[in-house]
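Asks: Below you'll find the structure I mean.
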Amino acid sequence: MAYTNIDDPSAYFQTATYTGNGGSNRAVVNDGNSNLQPDWVWYKSRSHATSNILYDSSRGADYYLKSNTEAGEGSDANMFESFDSDGFSLNADSDGNASGRTYVGWQWKCNAGSTSSNTDGNITSTVQANTTAGFSIVTWTGDGSTSGKNVGHGLGAVPKMIISKDRDGTSNLPGWYIYHQAIGNQDHIQFTTGAKADSPTWGDTTPTSSVFSVGGEGAYIATNQNNIDYVAYVFADVQGYSKFGSYTGTGARANAPFVYTGFQPAFVMIKNADSTGSWLMFDNKRTIANGDMDYLLANTTGVEENSGLSFTDPIDFLSNGFKVLNYDAWANGSGTKYIYMAFAENPFVTSTGIPTTAR
């Protein structure tokens with residue numbers, strides 16, 4: 001059996017860095033081994049305090065969300081222009097293309113915007129799915145039921161992480177509700193508050209290979225309020241390409257955790273699962289070599305930095321995972337549980353048995 005079915009992860013995930021020019025038709029072109037037409041684009045200014053902007057091809061190029069706010073989706077035809085054959089294009093906007101500002105754009109490929117109706121759940125959803133890469137974009141409209149409702153996700157594998165958002169901004173419980181297999185089906189965690197909460201957001205039910213549960217009890221219907229539109233980004237583990245796991249902090253640099261992913265990471269997001277705190281995002285394009293890994297935060301408008309951590313090199317990317325190097329509560333508090341999501345630059349071993357060398 002092959003170690004991985006994805007020898008070139010750049011066909012499904014890439015990071016691009018660029019400098020804004022303040023004009024229209026600003027094409028951001030990827031430089032990976034494969035061309036990648038993205039279906040989910042997440043970009044952020046590195047040099048200036050602006051929002052994290054998220055677009056996907058299921059909702060369309062006119063509609064954005066912000067991971068650092070609970071607000072509903074915005075609509076602005078003058079911000080994001082198009083999902084391109086190997087990247088994306090922007091118009092003049094301070095969040096994504098102000099002259100002279102530096103930016104990063106993280107991009108995931110799904111199914112080239114092709115969606116279909118999914119009736120696997122008892123709420124019909126609209127799904128575009130890439131079963132090879134373990135990623136689907138799911139939209140649905142809530143029916144207000146407090147129990148027993150589920151939504152088809154199209155992956156054919158059990159999701160390990162679900163990032164959901166009400167689109168309308170009129171929900172009684174607006175916000176980003178996130179499922180992660182490492183914290184279980186009785187809890188959710190959010191981008192904006194950063195806190196884990198014991199709630200029936202997921203119906204106290206673990207997702208299956210076809211559906212995930214939505215709803216709540218009484219007034220606490222976070223993911224299925226009546227006539228509210230939702231979107232979810234749904235992920236399954238894919239050996240050699242993606243991993244959604246956890247580790248326990250040591251509180252010390254000397255014996256800091258090594259996290260095995262089975263690949264050399266291209267992107268890692270880390271969150272303290274035990275308390276409030278920020279979502280740290282690292283990638284392989286905003287640093288040339290280990291020893292200078294700056295972070296951005298999914299839940300704030302803050303600029304790229306590393307000064308908020310106890311050590312200026314908070315993590316290192318290795319050929320088969322990542323090493324946590326700092327020693328504070330953000331990523332390595334003693335006895336603290338952390339969750340992460342990670343995507344590959346290279347698998348540790350290719351489908352033909354060739355190992356990846358360390359950086």
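In the structure tokens, the first chain shown is A, the next is B, and so on; residue numbers restart at 1 for each chain, and ligands run from 1 in the order shown.
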For range 334-343 of chain A, work out the shell of residues within 8 Å, counting only C-alpha atoms and skipping chain neighbours fewer than 5 positions away, then give it as a PyMOL selection string.

Replies: chain A and resi 13+180+182+241-252+261+265-274+329

Asks: Select, from A:Ser24, A:Gln264, A:Ser275, A:Ser34, the residue with the minimum atom-to-atom distance to Met79 in chain A, counting only C-alpha atoms.

Replies: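 Closest candidate: A:Ser24.
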
Asks: With only C-alpha atoms as the basis for distance, which of A:Ala92, A:Gly121, A:Gly60, A:Pro9 is at the shortest distance from Arg26 in chain A?

Replies: A:Ala92

Asks: Considering only C-alpha atoms, can you say which of A:Gly353, A:Gly23, A:Gly148, A:Gly74 comes closest to Ser89 in chain A?

Replies: A:Gly23

Asks: Can you pull out every residue within 10 Å of Asn33 in chain A, counting only C-alpha atoms, but drop anything in the same chain fewer than 5 positions away, and send it as a list in words?

Replies: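 So the residues in contact are Asp8, Pro9, Ser10, Ala11 and Gln14 of chain A.
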
Asks: Which residues come within 12 Å of Gly105 in chain A, counting only C-alpha atoms, excluding same-chain residues fewer than 5 positions away, as a PyMOL selection string?

Replies: chain A and resi 13-20+27-30+38+40-46+52-55+87-90+95-97+267+281-286+296

Asks: Given only C-alpha atoms as the basis, pick out the residue of A:Thr300, A:Asn35, A:Ser67, A:Thr102 nearest to Asp84 in chain A.

Replies: A:Asn35

Asks: Restricting the calculation to only C-alpha atoms, which member of A:Val104, A:Val238, A:Ala112, A:Ala232 is positioned closest to Thr131 in chain A?

Replies: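 Ranking A:Val104, A:Val238, A:Ala112, A:Ala232 by distance to Thr131 in chain A, first place goes to A:Val238.
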
Asks: Restricting the calculation to only C-alpha atoms, which member of A:Ser82, A:Asn172, A:Gln181, A:Asn224 is positioned closest to Gln37 in chain A?

Replies: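 Among the listed residues, the smallest separation from Gln37 in chain A belongs to A:Ser82.
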
Asks: Which residues, written as a list in words, have at least one atom at most 7 Å from range 192-197 of chain A, with only C-alpha atoms counted and residues fewer than 5 positions away on the same chain left out?

Replies: Asn68, Thr69, Glu70, Asp187, Ala273, Asp274, Ser275, Thr276, Gly277, Ser278 and Asn299 of chain A

Asks: Go ahead and save the residues from that selection, with N, CA, C and O atoms, as a short mmCIF file (atom, residue, chain, number, x, y, z; two decimals), in the first residue's frame.

Replies:
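result-v2.cif, written as the output of this step:
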data_model
loop_
_atom_site.label_atom_id
_atom_site.label_comp_id
_atom_site.auth_asym_id
_atom_site.auth_seq_id
_atom_site.Cartn_x
_atom_site.Cartn_y
_atom_site.Cartn_z
N ASN A 68 -11.87 37.23 11.96
CA ASN A 68 -11.67 37.99 13.19
C ASN A 68 -12.90 38.75 13.65
O ASN A 68 -12.83 39.60 14.53
N THR A 69 -14.07 38.42 13.09
CA THR A 69 -15.31 39.06 13.51
C THR A 69 -16.45 38.07 13.41
O THR A 69 -16.40 37.12 12.63
N GLU A 70 -17.50 38.30 14.19
CA GLU A 70 -18.69 37.46 14.14
C GLU A 70 -19.69 37.94 13.09
O GLU A 70 -20.74 37.31 12.90
N ASP A 187 -18.16 19.71 22.51
CA ASP A 187 -17.60 21.05 22.63
C ASP A 187 -17.44 21.70 21.26
O ASP A 187 -17.34 21.01 20.24
N ALA A 273 -6.38 24.74 23.38
CA ALA A 273 -7.74 24.20 23.46
C ALA A 273 -8.33 24.32 24.84
O ALA A 273 -9.53 24.06 25.03
N ASP A 274 -7.54 24.70 25.84
CA ASP A 274 -8.00 24.71 27.22
C ASP A 274 -8.51 26.07 27.68
O ASP A 274 -9.15 26.16 28.73
N SER A 275 -8.20 27.13 26.96
CA SER A 275 -8.61 28.46 27.41
C SER A 275 -8.68 29.40 26.22
O SER A 275 -8.41 29.02 25.08
N THR A 276 -9.02 30.66 26.51
CA THR A 276 -9.01 31.66 25.45
C THR A 276 -7.58 31.87 24.97
O THR A 276 -6.61 31.54 25.64
N GLY A 277 -7.46 32.46 23.81
CA GLY A 277 -6.14 32.69 23.23
C GLY A 277 -6.23 32.71 21.74
O GLY A 277 -7.25 32.38 21.14
N SER A 278 -5.14 33.08 21.12
CA SER A 278 -5.14 33.31 19.68
C SER A 278 -4.86 32.04 18.88
O SER A 278 -4.32 31.06 19.38
N ASN A 299 -7.68 35.37 14.51
CA ASN A 299 -8.75 36.00 15.27
C ASN A 299 -8.56 37.49 15.52
O ASN A 299 -9.36 38.10 16.23
#

Asks: What are the nearest atom pairs, with distances in Å to one decimal, for all residues of range 193-230 of chain A that come at most 8 Å from range 151-169 of chain A, using only C-alpha atoms, set out by chain and rising residue number as JSON lines?

Replies:
{"residue": "A:Pro207", "atom": "CA", "partner": "A:Val158", "partner_atom": "CA", "distance": 6.1}
{"residue": "A:Thr208", "atom": "CA", "partner": "A:Val158", "partner_atom": "CA", "distance": 5.0}
{"residue": "A:Ser209", "atom": "CA", "partner": "A:Ala157", "partner_atom": "CA", "distance": 4.1}
{"residue": "A:Ser210", "atom": "CA", "partner": "A:Gly152", "partner_atom": "CA", "distance": 5.6}
{"residue": "A:Val211", "atom": "CA", "partner": "A:Gly152", "partner_atom": "CA", "distance": 4.3}
{"residue": "A:Phe212", "atom": "CA", "partner": "A:Val151", "partner_atom": "CA", "distance": 5.5}
{"residue": "A:Ser213", "atom": "CA", "partner": "A:Val151", "partner_atom": "CA", "distance": 6.3}
{"residue": "A:Val214", "atom": "CA", "partner": "A:Val151", "partner_atom": "CA", "distance": 7.2}
{"residue": "A:Thr223", "atom": "CA", "partner": "A:Asp166", "partner_atom": "CA", "distance": 7.3}
{"residue": "A:Ile228", "atom": "CA", "partner": "A:Asp168", "partner_atom": "CA", "distance": 6.4}
{"residue": "A:Asp229", "atom": "CA", "partner": "A:Arg167", "partner_atom": "CA", "distance": 5.5}
{"residue": "A:Tyr230", "atom": "CA", "partner": "A:Asp166", "partner_atom": "CA", "distance": 4.4}

Asks: Excluding Ser319 in chain A and any residue of its chain fewer than 2 positions from it, enumerate the residues within 12 Å of it, using only C-alpha atoms, and give them as a ChimeraX atom specification.

Replies: /A:240,258-266,290,316-317,321-323,344-349,355-359

Asks: Report, in Å to a single decimal, how far apart CA of Trp176 in chain A and CA of Trp140 in chain A are.

Replies: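 So the answer is 15.2 Å.
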
Asks: List as a list in words the protein and nucleic acid residues near Ser58 in chain A, meaning an atom at most 10 Å away when only C-alpha atoms are counted, but skip any in the same chain fewer than 2 places from it.

Replies: Asp39, Trp40, Tyr55, Asp56, Gly60, Ala61, Tyr63, Cys110, Asn111, Ala112, Gly113, Ser114, Thr115, Thr126, Val127, Gln128, Ile137, Val138, Thr139 and Val231 of chain A

Asks: With C-alpha atoms kept, could you save the residues just selected as a PDB file, in the first residue's frame?

Replies:
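The result, stored in out-v1.pdb:
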ATOM      1  CA  ASP A  39     -11.803  27.277  -4.200  1.00  0.00           C
ATOM      2  CA  TRP A  40     -11.084  28.672  -0.741  1.00  0.00           C
ATOM      3  CA  TYR A  55     -13.645  33.826  -0.055  1.00  0.00           C
ATOM      4  CA  ASP A  56     -14.873  30.549  -1.500  1.00  0.00           C
ATOM      5  CA  GLY A  60     -18.993  33.260  -5.135  1.00  0.00           C
ATOM      6  CA  ALA A  61     -16.387  35.937  -5.707  1.00  0.00           C
ATOM      7  CA  TYR A  63     -19.020  37.483  -0.903  1.00  0.00           C
ATOM      8  CA  CYS A 110     -11.862  21.769  -3.854  1.00  0.00           C
ATOM      9  CA  ASN A 111     -13.876  21.000  -7.013  1.00  0.00           C
ATOM     10  CA  ALA A 112     -13.393  24.057  -9.255  1.00  0.00           C
ATOM     11  CA  GLY A 113     -16.618  25.609  -7.965  1.00  0.00           C
ATOM     12  CA  SER A 114     -18.769  22.703  -9.133  1.00  0.00           C
ATOM     13  CA  THR A 115     -21.478  22.044  -6.538  1.00  0.00           C
ATOM     14  CA  THR A 126     -25.114  22.072  -1.338  1.00  0.00           C
ATOM     15  CA  VAL A 127     -21.661  20.539  -1.544  1.00  0.00           C
ATOM     16  CA  GLN A 128     -18.491  20.765  -3.558  1.00  0.00           C
ATOM     17  CA  ILE A 137     -17.319  23.284   1.161  1.00  0.00           C
ATOM     18  CA  VAL A 138     -20.864  22.842   2.458  1.00  0.00           C
ATOM     19  CA  THR A 139     -23.736  25.318   2.529  1.00  0.00           C
ATOM     20  CA  VAL A 231     -21.230  27.646   5.273  1.00  0.00           C
TER      21      VAL A 231
END

Asks: Enter the distance from CA of Gly72 in chain A to CA of Arg59 in chain A, in Å, rounded to one decimal.

Replies: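 These atoms are spaced 12.7 Å apart.
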
Asks: Can you measure CA of Ser47 in chain A to CA of Phe235 in chain A for me? One decimal in Å is fine.

Replies: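 Distance between the two atoms: 29.8 Å.
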